[in-house]
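As stored in work-v1.cif (mmCIF, C-alpha atoms; chains and numbers go by the auth columns):
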```cif
data_final
loop_
_atom_site.group_PDB
_atom_site.id
_atom_site.type_symbol
_atom_site.label_atom_id
_atom_site.label_comp_id
_atom_site.label_asym_id
_atom_site.label_seq_id
_atom_site.Cartn_x
_atom_site.Cartn_y
_atom_site.Cartn_z
_atom_site.B_iso_or_equiv
_atom_site.auth_seq_id
_atom_site.auth_asym_id
ATOM 1 C CA MET A 1 0.000 0.000 0.000 0.00 5 Q
ATOM 2 C CA THR A 2 1.266 3.443 -0.860 0.00 6 Q
ATOM 3 C CA ASP A 3 0.958 6.508 1.327 0.00 7 Q
ATOM 4 C CA LEU A 4 -1.838 7.774 -0.894 0.00 8 Q
ATOM 5 C CA SER A 5 -3.902 4.585 -0.667 0.00 9 Q
ATOM 6 C CA ILE A 6 -3.549 4.600 3.116 0.00 10 Q
ATOM 7 C CA LEU A 7 -4.754 8.188 3.160 0.00 11 Q
ATOM 8 C CA ASN A 8 -7.764 7.330 0.980 0.00 12 Q
ATOM 9 C CA ALA A 9 -8.603 4.255 3.083 0.00 13 Q
ATOM 10 C CA ALA A 10 -8.482 6.316 6.280 0.00 14 Q
ATOM 11 C CA LEU A 11 -11.070 8.750 4.950 0.00 15 Q
ATOM 12 C CA PRO A 12 -14.188 6.738 4.042 0.00 16 Q
ATOM 13 C CA GLY A 13 -16.400 8.391 1.451 0.00 17 Q
ATOM 14 C CA SER A 14 -13.968 11.202 0.823 0.00 18 Q
ATOM 15 C CA ALA A 15 -11.655 9.755 -1.809 0.00 19 Q
ATOM 16 C CA GLY A 16 -12.332 12.715 -4.110 0.00 20 Q
ATOM 17 C CA ARG A 17 -11.495 15.224 -1.402 0.00 21 Q
ATOM 18 C CA ALA A 18 -8.363 13.304 -0.456 0.00 22 Q
ATOM 19 C CA SER A 19 -7.136 13.268 -4.049 0.00 23 Q
ATOM 20 C CA GLN A 20 -7.793 17.017 -4.341 0.00 24 Q
ATOM 21 C CA GLU A 21 -5.829 17.641 -1.158 0.00 25 Q
ATOM 22 C CA THR A 22 -3.008 15.445 -2.412 0.00 26 Q
ATOM 23 C CA ALA A 23 -2.987 17.326 -5.723 0.00 27 Q
ATOM 24 C CA ARG A 24 -2.761 20.625 -3.828 0.00 28 Q
ATOM 25 C CA MET A 25 0.079 19.221 -1.728 0.00 29 Q
ATOM 26 C CA ARG A 26 1.875 18.140 -4.898 0.00 30 Q
ATOM 27 C CA GLU A 27 1.419 21.581 -6.461 0.00 31 Q
ATOM 28 C CA THR A 28 2.794 23.271 -3.348 0.00 32 Q
ATOM 29 C CA ALA A 29 5.736 20.864 -3.149 0.00 33 Q
ATOM 30 C CA GLU A 30 6.602 21.451 -6.815 0.00 34 Q
ATOM 31 C CA ALA A 31 6.447 25.222 -6.288 0.00 35 Q
ATOM 32 C CA PHE A 32 8.848 24.798 -3.365 0.00 36 Q
ATOM 33 C CA GLU A 33 11.214 22.668 -5.456 0.00 37 Q
ATOM 34 C CA THR A 34 11.090 25.267 -8.257 0.00 38 Q
ATOM 35 C CA SER A 35 11.994 28.029 -5.818 0.00 39 Q
ATOM 36 C CA PHE A 36 14.799 25.919 -4.345 0.00 40 Q
ATOM 37 C CA LEU A 37 16.267 25.100 -7.761 0.00 41 Q
ATOM 38 C CA SER A 38 16.030 28.727 -8.841 0.00 42 Q
ATOM 39 C CA GLN A 39 18.044 29.803 -5.803 0.00 43 Q
ATOM 40 C CA MET A 40 20.623 27.075 -6.439 0.00 44 Q
ATOM 41 C CA LEU A 41 21.009 28.055 -10.117 0.00 45 Q
ATOM 42 C CA LYS A 42 21.488 31.796 -9.513 0.00 46 Q
ATOM 43 C CA PRO A 43 25.159 31.609 -8.437 0.00 47 Q
ATOM 44 C CA MET A 44 26.017 29.743 -11.656 0.00 48 Q
ATOM 45 C CA PHE A 45 25.093 32.790 -13.720 0.00 49 Q
ATOM 46 C CA GLU A 46 26.323 35.633 -11.495 0.00 50 Q
ATOM 47 C CA GLY A 47 29.831 35.833 -12.934 0.00 51 Q
ATOM 48 C CA LEU A 48 28.873 35.546 -16.594 0.00 52 Q
ATOM 49 C CA LYS A 49 29.466 38.601 -18.748 0.00 53 Q
ATOM 50 C CA THR A 50 26.734 39.667 -21.147 0.00 54 Q
ATOM 51 C CA ASP A 51 28.963 41.494 -23.626 0.00 55 Q
ATOM 52 C CA GLY A 52 30.705 40.015 -26.632 0.00 56 Q
ATOM 53 C CA MET A 53 29.700 39.117 -30.131 0.00 57 Q
ATOM 54 C CA PHE A 54 26.673 37.017 -29.180 0.00 58 Q
ATOM 55 C CA GLY A 55 25.974 38.568 -25.786 0.00 59 Q
ATOM 56 C CA GLY A 56 22.694 40.221 -24.976 0.00 60 Q
ATOM 57 C CA GLY A 57 24.180 43.214 -23.194 0.00 61 Q
ATOM 58 C CA GLU A 58 22.336 44.849 -20.317 0.00 62 Q
ATOM 59 C CA ALA A 59 19.003 43.363 -21.392 0.00 63 Q
ATOM 60 C CA GLU A 60 20.334 39.842 -20.915 0.00 64 Q
ATOM 61 C CA GLY A 61 21.471 40.736 -17.426 0.00 65 Q
ATOM 62 C CA GLN A 62 18.077 42.246 -16.597 0.00 66 Q
ATOM 63 C CA TRP A 63 16.094 39.231 -17.824 0.00 67 Q
ATOM 64 C CA ARG A 64 18.440 36.560 -16.491 0.00 68 Q
ATOM 65 C CA SER A 65 16.356 35.911 -13.352 0.00 69 Q
ATOM 66 C CA PHE A 66 13.340 35.084 -15.539 0.00 70 Q
ATOM 67 C CA MET A 67 15.434 32.640 -17.534 0.00 71 Q
ATOM 68 C CA ILE A 68 16.672 30.983 -14.343 0.00 72 Q
ATOM 69 C CA ASP A 69 13.099 30.660 -13.039 0.00 73 Q
ATOM 70 C CA ALA A 70 12.016 29.131 -16.359 0.00 74 Q
ATOM 71 C CA MET A 71 14.894 26.650 -16.216 0.00 75 Q
ATOM 72 C CA ALA A 72 13.888 25.657 -12.683 0.00 76 Q
ATOM 73 C CA LYS A 73 10.229 25.191 -13.721 0.00 77 Q
ATOM 74 C CA GLN A 74 11.229 23.024 -16.684 0.00 78 Q
ATOM 75 C CA THR A 75 13.516 20.943 -14.475 0.00 79 Q
ATOM 76 C CA VAL A 76 10.668 20.270 -12.041 0.00 80 Q
ATOM 77 C CA LYS A 77 8.275 19.557 -14.905 0.00 81 Q
ATOM 78 C CA ALA A 78 10.751 16.976 -16.256 0.00 82 Q
ATOM 79 C CA GLY A 79 10.910 15.180 -12.894 0.00 83 Q
ATOM 80 C CA GLY A 80 13.050 17.485 -10.816 0.00 84 Q
ATOM 81 C CA ILE A 81 15.582 16.309 -8.285 0.00 85 Q
ATOM 82 C CA GLY A 82 13.124 14.430 -6.071 0.00 86 Q
ATOM 83 C CA LEU A 83 12.624 17.183 -3.530 0.00 87 Q
ATOM 84 C CA ALA A 84 8.901 17.564 -4.280 0.00 88 Q
ATOM 85 C CA ASP A 85 8.373 13.820 -3.755 0.00 89 Q
ATOM 86 C CA GLN A 86 9.966 14.006 -0.326 0.00 90 Q
ATOM 87 C CA VAL A 87 7.960 17.087 0.638 0.00 91 Q
ATOM 88 C CA VAL A 88 4.663 15.444 -0.412 0.00 92 Q
ATOM 89 C CA ALA A 89 5.517 12.295 1.551 0.00 93 Q
ATOM 90 C CA GLN A 90 6.216 14.362 4.659 0.00 94 Q
ATOM 91 C CA MET A 91 2.999 16.374 4.211 0.00 95 Q
ATOM 92 C CA ILE A 92 0.966 13.170 3.973 0.00 96 Q
ATOM 93 C CA LYS A 93 2.705 11.753 7.030 0.00 97 Q
ATOM 94 C CA MET A 94 1.977 14.939 9.002 0.00 98 Q
ATOM 95 C CA GLN A 95 -1.654 14.853 7.878 0.00 99 Q
ATOM 96 C CA GLU A 96 -2.018 11.222 8.971 0.00 100 Q
ATOM 97 C CA GLN A 97 -0.527 11.991 12.386 0.00 101 Q
ATOM 98 C CA GLY A 98 -2.979 14.855 12.800 0.00 102 Q
ATOM 99 C CA GLN A 99 -5.951 12.546 12.170 0.00 103 Q
ATOM 100 C CA GLN A 100 -5.023 10.000 14.828 0.00 104 Q
#
```

Any chance you could put this one into C-alpha cells?
Amino acid sequence: MTDLSILNAALPGSAGRASQETARMRETAEAFETSFLSQMLKPMFEGLKTDGMFGGGEAEGQWRSFMIDAMAKQTVKAGGIGLADQVVAQMIKMQEQGQQ
C-alpha cells in the first residue's frame, strides 16, 4: 500500500477530497522545489558577462532571473531532483498523524 492509498482508506467516502488535497500538496511541493532550484542556479550565472559578439548586453542581465526561473520550472516539470516527492511524503505523514 502506498501513502496515498492509506490516506484514501483512512477517509471513508472522501476519496475525491483526499485526491484534491493530495494534488494541492503536490502543487505546493513542486512550487517549493522550483523556488529551491532557482536559488541554487542563480550563483552559476552571477559571474557571466553579457557582452561580446553574441551577448545580450544589459538586457540579458536584466532578464536573467526570468530565464533561471524558467529553467527551474522546466527541471521540475521533467521530474526534478526528487525534492517535491519528499515534501509530499512528509505532508501526507503529518496529515495522517494529525488525524489519529

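For the pair atom CA of Q:Gln43 and atom CA of Q:Gly65, the separation is 16.3 Å.
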
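Here the question is which of Q:Gln101, Q:Gln66, Q:Thr54, Q:Ser42 gets nearest to Q:Gly84 using only C-alpha atoms, and that residue is Q:Ser42.
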
Translate the PyMOL selection byres ((chain Q and resi 32-35) around 9), as applied to the file shown, into an explicit residue set as a PDB file with C-alpha atoms, in the frame of the given file.
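So selection-v2.pdb came out as:
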```
ATOM      1  CA  ALA Q  27      -2.987  17.326  -5.723  1.00  0.00           C
ATOM      2  CA  ARG Q  28      -2.761  20.625  -3.828  1.00  0.00           C
ATOM      3  CA  MET Q  29       0.079  19.221  -1.728  1.00  0.00           C
ATOM      4  CA  ARG Q  30       1.875  18.140  -4.898  1.00  0.00           C
ATOM      5  CA  GLU Q  31       1.419  21.581  -6.461  1.00  0.00           C
ATOM      6  CA  PHE Q  36       8.848  24.798  -3.365  1.00  0.00           C
ATOM      7  CA  GLU Q  37      11.214  22.668  -5.456  1.00  0.00           C
ATOM      8  CA  THR Q  38      11.090  25.267  -8.257  1.00  0.00           C
ATOM      9  CA  SER Q  39      11.994  28.029  -5.818  1.00  0.00           C
ATOM     10  CA  PHE Q  40      14.799  25.919  -4.345  1.00  0.00           C
ATOM     11  CA  LYS Q  77      10.229  25.191 -13.721  1.00  0.00           C
ATOM     12  CA  VAL Q  80      10.668  20.270 -12.041  1.00  0.00           C
ATOM     13  CA  LYS Q  81       8.275  19.557 -14.905  1.00  0.00           C
ATOM     14  CA  GLY Q  84      13.050  17.485 -10.816  1.00  0.00           C
ATOM     15  CA  LEU Q  87      12.624  17.183  -3.530  1.00  0.00           C
ATOM     16  CA  ALA Q  88       8.901  17.564  -4.280  1.00  0.00           C
ATOM     17  CA  ASP Q  89       8.373  13.820  -3.755  1.00  0.00           C
ATOM     18  CA  GLN Q  90       9.966  14.006  -0.326  1.00  0.00           C
ATOM     19  CA  VAL Q  91       7.960  17.087   0.638  1.00  0.00           C
ATOM     20  CA  VAL Q  92       4.663  15.444  -0.412  1.00  0.00           C
TER      21      VAL Q  92
END
```

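Straight-line separation from atom CA of Q:Ala82 to atom CA of Q:Ile96: 22.8 Å.
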
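Nearest to Q:Ile85 of all the residues Q:Thr26, Q:Lys46, Q:Lys97, Q:Leu41 is Q:Leu41, counting all atoms listed in the file.
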
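Interatomic distance, atom CA of Q:Pro47 to atom CA of Q:Ile72: 10.4 Å.
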